[in-house]
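Here's coords.txt, which has compact mmCIF, C-alpha atoms:
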# COMPACT_ATOMS: atom_id res chain seq x y z
CA MET A 860 0.00 0.00 0.00
CA HIS A 861 2.91 2.33 0.69
CA ILE A 862 3.78 2.04 -3.03
CA PHE A 863 0.73 4.27 -3.66
CA ALA A 864 1.72 6.80 -0.97
CA ASN A 865 3.13 8.98 -3.72
CA PRO A 866 0.18 10.71 -5.49
CA ALA A 867 2.11 10.86 -8.78
CA ARG A 868 2.65 7.10 -8.70
CA PHE A 869 -0.99 6.54 -7.73
CA LEU A 870 -2.14 8.71 -10.67
CA SER A 871 0.11 6.85 -13.12
CA ILE A 872 -1.84 3.68 -12.23
CA ALA A 873 -5.29 5.26 -11.70
CA ARG A 874 -5.39 7.11 -15.07
CA PRO A 875 -5.24 4.03 -17.34
CA LEU A 876 -7.21 1.88 -14.87
CA THR A 877 -10.27 4.20 -14.58
CA PRO A 878 -11.73 3.70 -18.11
CA TRP A 879 -11.07 -0.06 -18.02
CA LEU A 880 -12.91 -0.51 -14.74
CA GLY A 881 -15.74 1.76 -15.89
CA TRP A 882 -16.37 0.22 -19.31
CA VAL A 883 -15.92 -3.44 -18.30
CA GLY A 884 -18.20 -2.79 -15.30
CA ALA A 885 -20.84 -1.13 -17.51
CA VAL A 886 -20.83 -4.03 -20.02
CA LEU A 887 -21.18 -6.62 -17.23
CA ILE A 888 -24.03 -4.63 -15.62
CA VAL A 889 -25.96 -4.35 -18.91
CA ALA A 890 -25.49 -8.09 -19.62
CA ALA A 891 -26.50 -9.15 -16.10
CA LEU A 892 -29.55 -6.87 -15.91
CA PHE A 893 -30.71 -7.97 -19.38
CA ALA A 894 -30.40 -11.61 -18.28
CA GLY A 895 -32.12 -10.84 -14.97
CA LEU A 896 -35.05 -9.16 -16.72
CA PHE A 897 -35.56 -11.35 -19.80
CA VAL A 898 -33.62 -14.64 -19.55
CA THR A 899 -33.96 -16.08 -16.03
CA PRO A 900 -37.24 -17.81 -15.00
CA ARG A 901 -39.67 -16.43 -12.41
CA ASP A 902 -39.41 -17.78 -8.87
CA TYR A 903 -42.04 -20.37 -7.90
CA LEU A 904 -42.73 -18.53 -4.61
CA GLN A 905 -41.95 -14.84 -5.20
CA GLY A 906 -42.97 -14.76 -8.87
CA GLU A 907 -41.50 -12.04 -11.12
CA SER A 908 -40.47 -9.79 -8.19
CA VAL A 909 -37.37 -11.97 -7.63
CA ARG A 910 -35.78 -10.00 -10.53
CA ILE A 911 -35.31 -7.04 -8.15
CA MET A 912 -32.57 -9.17 -6.53
CA TYR A 913 -30.16 -8.34 -9.41
CA VAL A 914 -30.10 -4.64 -8.44
CA HIS A 915 -30.86 -4.89 -4.70
CA VAL A 916 -28.11 -7.36 -3.71
CA PRO A 917 -25.23 -5.57 -5.55
CA ALA A 918 -26.40 -2.26 -3.99
CA ALA A 919 -26.40 -3.85 -0.50
CA TRP A 920 -22.95 -5.35 -1.14
CA LEU A 921 -21.54 -1.99 -2.28
CA GLY A 922 -23.13 -0.11 0.63
CA MET A 923 -21.36 -2.47 3.06
CA ALA A 924 -18.13 -2.81 1.05
CA GLY A 925 -17.97 0.99 0.76
CA TRP A 926 -17.95 1.43 4.53
CA SER A 927 -15.40 -1.39 4.87
CA GLY A 928 -13.24 0.63 2.45
CA ILE A 929 -13.74 3.79 4.53
CA ALA A 930 -12.77 1.89 7.71
CA THR A 931 -9.62 0.48 6.05
CA ALA A 932 -8.64 3.91 4.70
CA SER A 933 -9.31 5.46 8.13
CA LEU A 934 -7.07 2.89 9.84
CA MET A 935 -4.31 3.59 7.31
CA GLN A 936 -4.74 7.32 7.95
CA LEU A 937 -4.58 6.92 11.73
CA ILE A 938 -1.77 4.33 11.96
CA TRP A 939 0.53 5.02 9.00
CA ARG A 940 -0.59 8.59 8.14
CA HIS A 941 -0.93 7.42 4.54
CA PRO A 942 -1.30 10.63 2.45
CA LEU A 943 -3.96 9.16 0.16
CA ALA A 944 -6.03 7.44 2.85
CA ALA A 945 -8.19 10.48 3.74
CA VAL A 946 -8.68 11.17 0.01
CA ALA A 947 -9.80 7.55 -0.51
CA GLY A 948 -12.24 7.76 2.43
CA ARG A 949 -13.81 10.95 1.11
CA ALA A 950 -14.00 9.50 -2.44
CA ILE A 951 -15.81 6.36 -1.26
CA ALA A 952 -18.36 8.14 0.99
CA VAL A 953 -20.81 9.61 -1.56
CA PRO A 954 -21.05 6.56 -3.87
CA GLY A 955 -21.26 4.32 -0.77
CA ALA A 956 -24.14 6.41 0.58
CA LEU A 957 -25.85 6.32 -2.81
CA PHE A 958 -25.70 2.50 -3.02
CA ALA A 959 -26.89 2.17 0.60
CA ALA A 960 -29.86 4.39 -0.36
CA ILE A 961 -30.50 2.34 -3.54
CA CYS A 962 -30.43 -0.81 -1.39
CA LEU A 963 -33.03 0.67 0.99
CA VAL A 964 -35.32 1.94 -1.78
CA THR A 965 -35.16 -1.20 -3.96
CA GLY A 966 -35.64 -3.33 -0.82
CA SER A 967 -38.72 -1.31 0.05
CA ILE A 968 -40.06 -1.72 -3.50
CA TRP A 969 -39.35 -5.48 -3.31
CA GLY A 970 -41.00 -5.69 0.11
CA ARG A 971 -44.38 -4.36 -1.06
CA PRO A 972 -45.32 -7.29 -3.38
CA THR A 973 -43.44 -9.88 -1.25
CA TRP A 974 -44.35 -8.93 2.34
CA GLY A 975 -47.27 -6.60 1.68
CA ALA A 976 -45.40 -3.71 3.38
CA TRP A 977 -43.09 -0.94 2.15
CA TRP A 978 -41.18 -0.85 5.45
CA GLU A 979 -40.82 -2.78 8.71
CA TRP A 980 -38.51 -2.06 11.64
CA ASP A 981 -36.80 -5.39 10.98
CA GLY A 982 -33.18 -5.94 12.11
CA ARG A 983 -31.69 -5.99 8.57
CA LEU A 984 -33.67 -2.99 7.32
CA THR A 985 -32.98 -0.91 10.42
CA SER A 986 -29.22 -1.67 10.52
CA MET A 987 -28.99 -0.78 6.80
CA LEU A 988 -30.80 2.51 7.49
CA VAL A 989 -28.28 3.17 10.31
CA LEU A 990 -25.47 2.58 7.76
CA PHE A 991 -27.01 5.20 5.44
CA PHE A 992 -27.14 7.75 8.31
CA LEU A 993 -23.51 6.88 9.20
CA TYR A 994 -22.54 7.71 5.62
CA LEU A 995 -24.30 11.10 5.85
CA ALA A 996 -22.52 11.89 9.12
CA TYR A 997 -19.14 10.80 7.67
CA ILE A 998 -19.67 13.00 4.58
CA ALA A 999 -20.45 16.01 6.81
CA LEU A 1000 -17.44 15.36 9.09
CA ALA A 1001 -15.00 14.74 6.22
CA SER A 1002 -16.20 17.84 4.31
CA ALA A 1003 -15.82 20.00 7.42
CA GLY A 1004 -12.32 18.57 7.98
CA ALA A 1005 -11.33 19.23 4.37
CA GLU A 1006 -12.58 22.83 4.61
CA ARG A 1007 -10.43 23.36 7.71
CA GLY A 1008 -7.53 21.95 5.70
CA SER A 1009 -6.41 19.80 8.60
CA ASN A 1010 -5.39 16.16 8.73
CA ASP A 1011 -8.87 15.17 9.81
CA ARG A 1012 -8.59 12.53 12.53
CA ILE A 1013 -12.19 12.90 13.72
CA SER A 1014 -13.74 11.55 10.52
CA ALA A 1015 -11.09 8.77 10.47
CA ILE A 1016 -12.00 7.69 14.02
CA PHE A 1017 -15.68 7.86 13.04
CA GLY A 1018 -14.92 5.68 9.98
CA VAL A 1019 -13.34 2.99 12.18
CA VAL A 1020 -16.02 3.10 14.91
CA GLY A 1021 -18.85 3.02 12.34
CA ALA A 1022 -17.49 -0.29 10.99
CA ALA A 1023 -19.05 -1.97 14.05
CA ASN A 1024 -22.37 -1.73 12.16
CA ILE A 1025 -21.13 -3.97 9.30
CA PRO A 1026 -21.22 -7.29 11.26
CA VAL A 1027 -24.56 -6.15 12.77
CA ILE A 1028 -26.00 -5.86 9.23
CA HIS A 1029 -24.50 -9.21 8.21
CA TYR A 1030 -25.71 -11.20 11.23
CA SER A 1031 -28.99 -9.28 11.74
CA VAL A 1032 -30.96 -11.99 9.90
CA GLU A 1033 -29.62 -14.60 12.36
CA TRP A 1034 -29.84 -12.52 15.56
CA TRP A 1035 -33.36 -11.16 14.93
CA ARG A 1036 -35.37 -13.61 12.86
CA THR A 1037 -38.14 -11.22 11.86
CA LEU A 1038 -39.21 -10.36 8.30
CA HIS A 1039 -36.11 -10.24 6.11
CA GLN A 1040 -35.15 -13.64 4.71
CA GLY A 1041 -32.09 -15.41 6.11
CA GLN A 1042 -28.74 -15.66 4.38
CA SER A 1043 -29.28 -17.30 0.98
CA ILE A 1044 -25.71 -17.12 -0.35
CA GLY A 1045 -22.75 -18.33 1.71
CA LEU A 1046 -19.29 -19.81 1.27
CA SER A 1047 -20.76 -23.33 1.31
CA GLY A 1048 -23.29 -22.63 -1.44
CA SER A 1049 -26.64 -21.03 -2.13
CA THR A 1050 -30.28 -21.85 -1.46
CA ILE A 1051 -31.21 -20.03 -4.71
CA ASP A 1052 -31.61 -22.25 -7.76
CA GLY A 1053 -28.75 -21.94 -10.27
CA SER A 1054 -31.12 -20.97 -13.12
CA ILE A 1055 -32.05 -17.80 -11.17
CA LEU A 1056 -28.73 -17.20 -9.42
CA TRP A 1057 -26.22 -17.02 -12.31
CA PRO A 1058 -26.64 -13.32 -13.36
CA LEU A 1059 -26.21 -12.18 -9.73
CA PRO A 1060 -22.39 -12.62 -9.46
CA ILE A 1061 -22.04 -10.94 -12.89
CA ALA A 1062 -24.14 -7.97 -11.69
CA ALA A 1063 -22.20 -7.80 -8.41
CA LEU A 1064 -18.85 -7.85 -10.26
CA GLY A 1065 -20.04 -5.26 -12.80
CA PHE A 1066 -21.33 -2.85 -10.16
CA SER A 1067 -18.13 -3.37 -8.11
CA LEU A 1068 -15.88 -2.52 -11.09
CA LEU A 1069 -17.96 0.58 -11.88
CA PHE A 1070 -17.85 1.56 -8.19
CA GLY A 1071 -14.04 1.24 -8.36
CA ALA A 1072 -13.97 3.53 -11.43
CA ILE A 1073 -16.21 6.09 -9.66
CA VAL A 1074 -13.96 6.07 -6.57
CA LEU A 1075 -10.83 6.52 -8.72
CA MET A 1076 -12.46 9.43 -10.60
CA ARG A 1077 -13.41 11.10 -7.30
CA MET A 1078 -9.90 10.55 -5.89
CA ARG A 1079 -8.37 12.08 -9.03
CA ALA A 1080 -10.73 15.10 -8.69
CA LEU A 1081 -9.81 15.58 -5.00
CA LEU A 1082 -6.06 15.33 -5.78
CA ALA A 1083 -6.39 17.84 -8.64
CA GLN A 1084 -8.37 20.23 -6.40
CA ALA A 1085 -5.69 19.94 -3.68
CA LYS A 1086 -3.03 20.69 -6.31
CA VAL A 1087 -4.95 23.82 -7.44
CA VAL A 1088 -5.39 25.06 -3.85
CA ALA A 1089 -1.69 24.50 -3.05
CA ARG A 1090 -0.57 26.29 -6.23
CA LEU A 1091 -2.92 29.24 -5.63
CA LYS A 1092 -1.63 29.58 -2.06
CA ARG A 1093 1.95 29.57 -3.36
CA MET A 1094 1.11 32.18 -6.03
CA THR A 1095 -0.54 34.40 -3.39
CA ALA A 1096 2.47 34.11 -1.11
CA GLU A 1097 4.94 35.07 -3.90
CA MET B 510 -50.65 -8.43 -8.12
CA ASN B 511 -48.68 -7.37 -11.21
CA HIS B 512 -45.00 -7.27 -10.16
CA TRP B 513 -43.62 -5.54 -13.25
CA PRO B 514 -44.26 -1.91 -12.14
CA PHE B 515 -42.23 -2.68 -8.98
CA ILE B 516 -39.44 -4.30 -11.00
CA ILE B 517 -39.31 -1.38 -13.47
CA ALA B 518 -39.24 1.16 -10.62
CA ALA B 519 -36.37 -0.68 -8.84
CA TYR B 520 -34.31 -0.96 -12.04
CA ALA B 521 -35.00 2.67 -13.03
CA ILE B 522 -33.88 4.01 -9.63
CA THR B 523 -30.71 1.89 -9.71
CA ILE B 524 -29.79 2.78 -13.30
CA ILE B 525 -30.56 6.51 -12.92
CA GLY B 526 -28.66 6.72 -9.59
CA THR B 527 -25.63 4.82 -10.93
CA LEU B 528 -25.52 6.84 -14.18
CA ALA B 529 -25.93 10.13 -12.29
CA ILE B 530 -23.01 9.50 -9.92
CA ALA B 531 -20.80 8.12 -12.72
CA VAL B 532 -21.42 11.18 -14.93
CA ALA B 533 -21.09 13.65 -12.00
CA SER B 534 -17.80 12.01 -10.88
CA TYR B 535 -16.42 12.06 -14.44
CA ALA B 536 -17.40 15.74 -14.96
CA GLY B 537 -15.93 16.71 -11.57
CA MET B 538 -12.68 14.90 -12.35
CA ARG B 539 -12.36 16.48 -15.83
CA ARG B 540 -13.06 19.97 -14.45
CA ALA B 541 -10.58 19.64 -11.57
CA GLU B 542 -7.82 18.14 -13.76
CA ARG B 543 -8.32 20.86 -16.42
CA GLN B 544 -7.96 23.56 -13.73
CA ALA B 545 -4.81 21.91 -12.37
CA ASP B 546 -3.32 21.56 -15.87
CA ALA B 547 -4.11 25.21 -16.70
CA LEU B 548 -2.28 26.38 -13.56
CA THR B 549 0.68 24.10 -14.34
CA ARG B 550 0.95 25.58 -17.87
CA ARG B 551 0.85 29.16 -16.47
CA ASP B 552 3.99 28.52 -14.36

Using the file provided, produce a representation of the structure as structure tokens.
Amino acid sequence: MHIFANPARFLSIARPLTPWLGWVGAVLIVAALFAGLFVTPRDYLQGESVRIMYVHVPAAWLGMAGWSGIATASLMQLIWRHPLAAVAGRAIAVPGALFAAICLVTGSIWGRPTWGAWWEWDGRLTSMLVLFFLYLAYIALASAGAERGSNDRISAIFGVVGAANIPVIHYSVEWWRTLHQGQSIGLSGSTIDGSILWPLPIAALGFSLLFGAIVLMRMRALLAQAKVVARLKRMTAE
Amino acid sequence: MNHWPFIIAAYAITIIGTLAIAVASYAGMRRAERQADALTRRD
């Protein structure tokens, strides 16, 4: 990771990588969503509404993976004072919040025909809503820190502490067996039939690659803005 | 109950949200890098 501590070296890798991640991700998303809408069969129990899974599950994965990324970047900022760690945390926050929101909204839309309710204060739904609010708080803290121009330790500490919610989301369906279905995909296999399941990993990979491209673009923007501010300060001082 | 309006709404929200953040991030990056390059050329 210290290889990327130099912004110039990071940019030499990020510049060619960004379009590759973006375009490959976009192609995989289009293919997976087309298959999810028109190729896979309807579920015997849920009917056609099972197709919402191909957008809901990748959004949930990215909402949780995004905060895991923030927590990792925050740790690197606090322990090693990695110069790009705070930039990475800030770049992840907005897309992470967006995908957490998409997860909540698509889950609500899926819940109406499946459960007969738009919302329930179920363990999984509530812990995911908490994650969305954590994102909003992190965005506010990180923006305030960036405006002060300080090495913002408060948002980094918040990023690490907020990671406690990730295992709560993951195990919520086991700890509180309420409305949300239990874990259907694990390391040992899946309870979903293969004929319905196969576009899901393609969609998850596609959305993840596009998320990576979005984070790289936002990091590049933040680095360029920092460069402009530093140069303007130097020009003013001269 | 017809499930397709729910499916279409979920896909539309996901696609619009993803496209919006991808385009906004790209535009923000291009704008910031152009500003930085312009200042570099002035020196």

Practice prompt. Using only C-alpha atoms, determine which residues of chain A fall within 9 Å of chain B; present them as a ChimeraX atom specification.
Written response: /A:881,892,896,906-911,913-915,918,953-954,957-958,961-962,964-966,968-969,971-972,1066,1069-1070,1072-1074,1076-1087,1090-1091

Worksheet item: Of the residues A:Ser1047, A:Gly1041, A:Trp980, A:Met923, which is the one nearest to Ser1067 of chain A, using all atoms listed in the file?
Response: A:Met923

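Separating atom CA of Val898 of chain A from atom CA of Trp920 of chain A is a distance of 23.2 Å.
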
If we count all atoms listed in the file and set the cut-off at 9 Å, which residues sit around Val1032 of chain A, ignoring sequence neighbours fewer than 3 positions away in its own chain? Please answer as a JSON list (two decimals) with C-alpha atoms, in the coordinates of the input.
[["chain", "number", "residue", "atom", "x", "y", "z"],
["A", 981, "ASP", "CA", -36.80, -5.39, 10.98],
["A", 982, "GLY", "CA", -33.18, -5.94, 12.11],
["A", 983, "ARG", "CA", -31.69, -5.99, 8.57],
["A", 1028, "ILE", "CA", -26.00, -5.86, 9.23],
["A", 1029, "HIS", "CA", -24.50, -9.21, 8.21],
["A", 1035, "TRP", "CA", -33.36, -11.16, 14.93],
["A", 1036, "ARG", "CA", -35.37, -13.61, 12.86],
["A", 1037, "THR", "CA", -38.14, -11.22, 11.86],
["A", 1038, "LEU", "CA", -39.21, -10.36, 8.30],
["A", 1039, "HIS", "CA", -36.11, -10.24, 6.11],
["A", 1040, "GLN", "CA", -35.15, -13.64, 4.71],
["A", 1041, "GLY", "CA", -32.09, -15.41, 6.11],
["A", 1042, "GLN", "CA", -28.74, -15.66, 4.38]]

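Of note, atom CA of Gly895 of chain A and atom CA of Pro1058 of chain A are spaced 6.2 Å apart.
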
Discussion item. I'd like the interatomic distance between atom CA of Pro866 of chain A and atom CA of Gly1018 of chain A, to a tenth of an Å.
Written reply: 22.2 Å
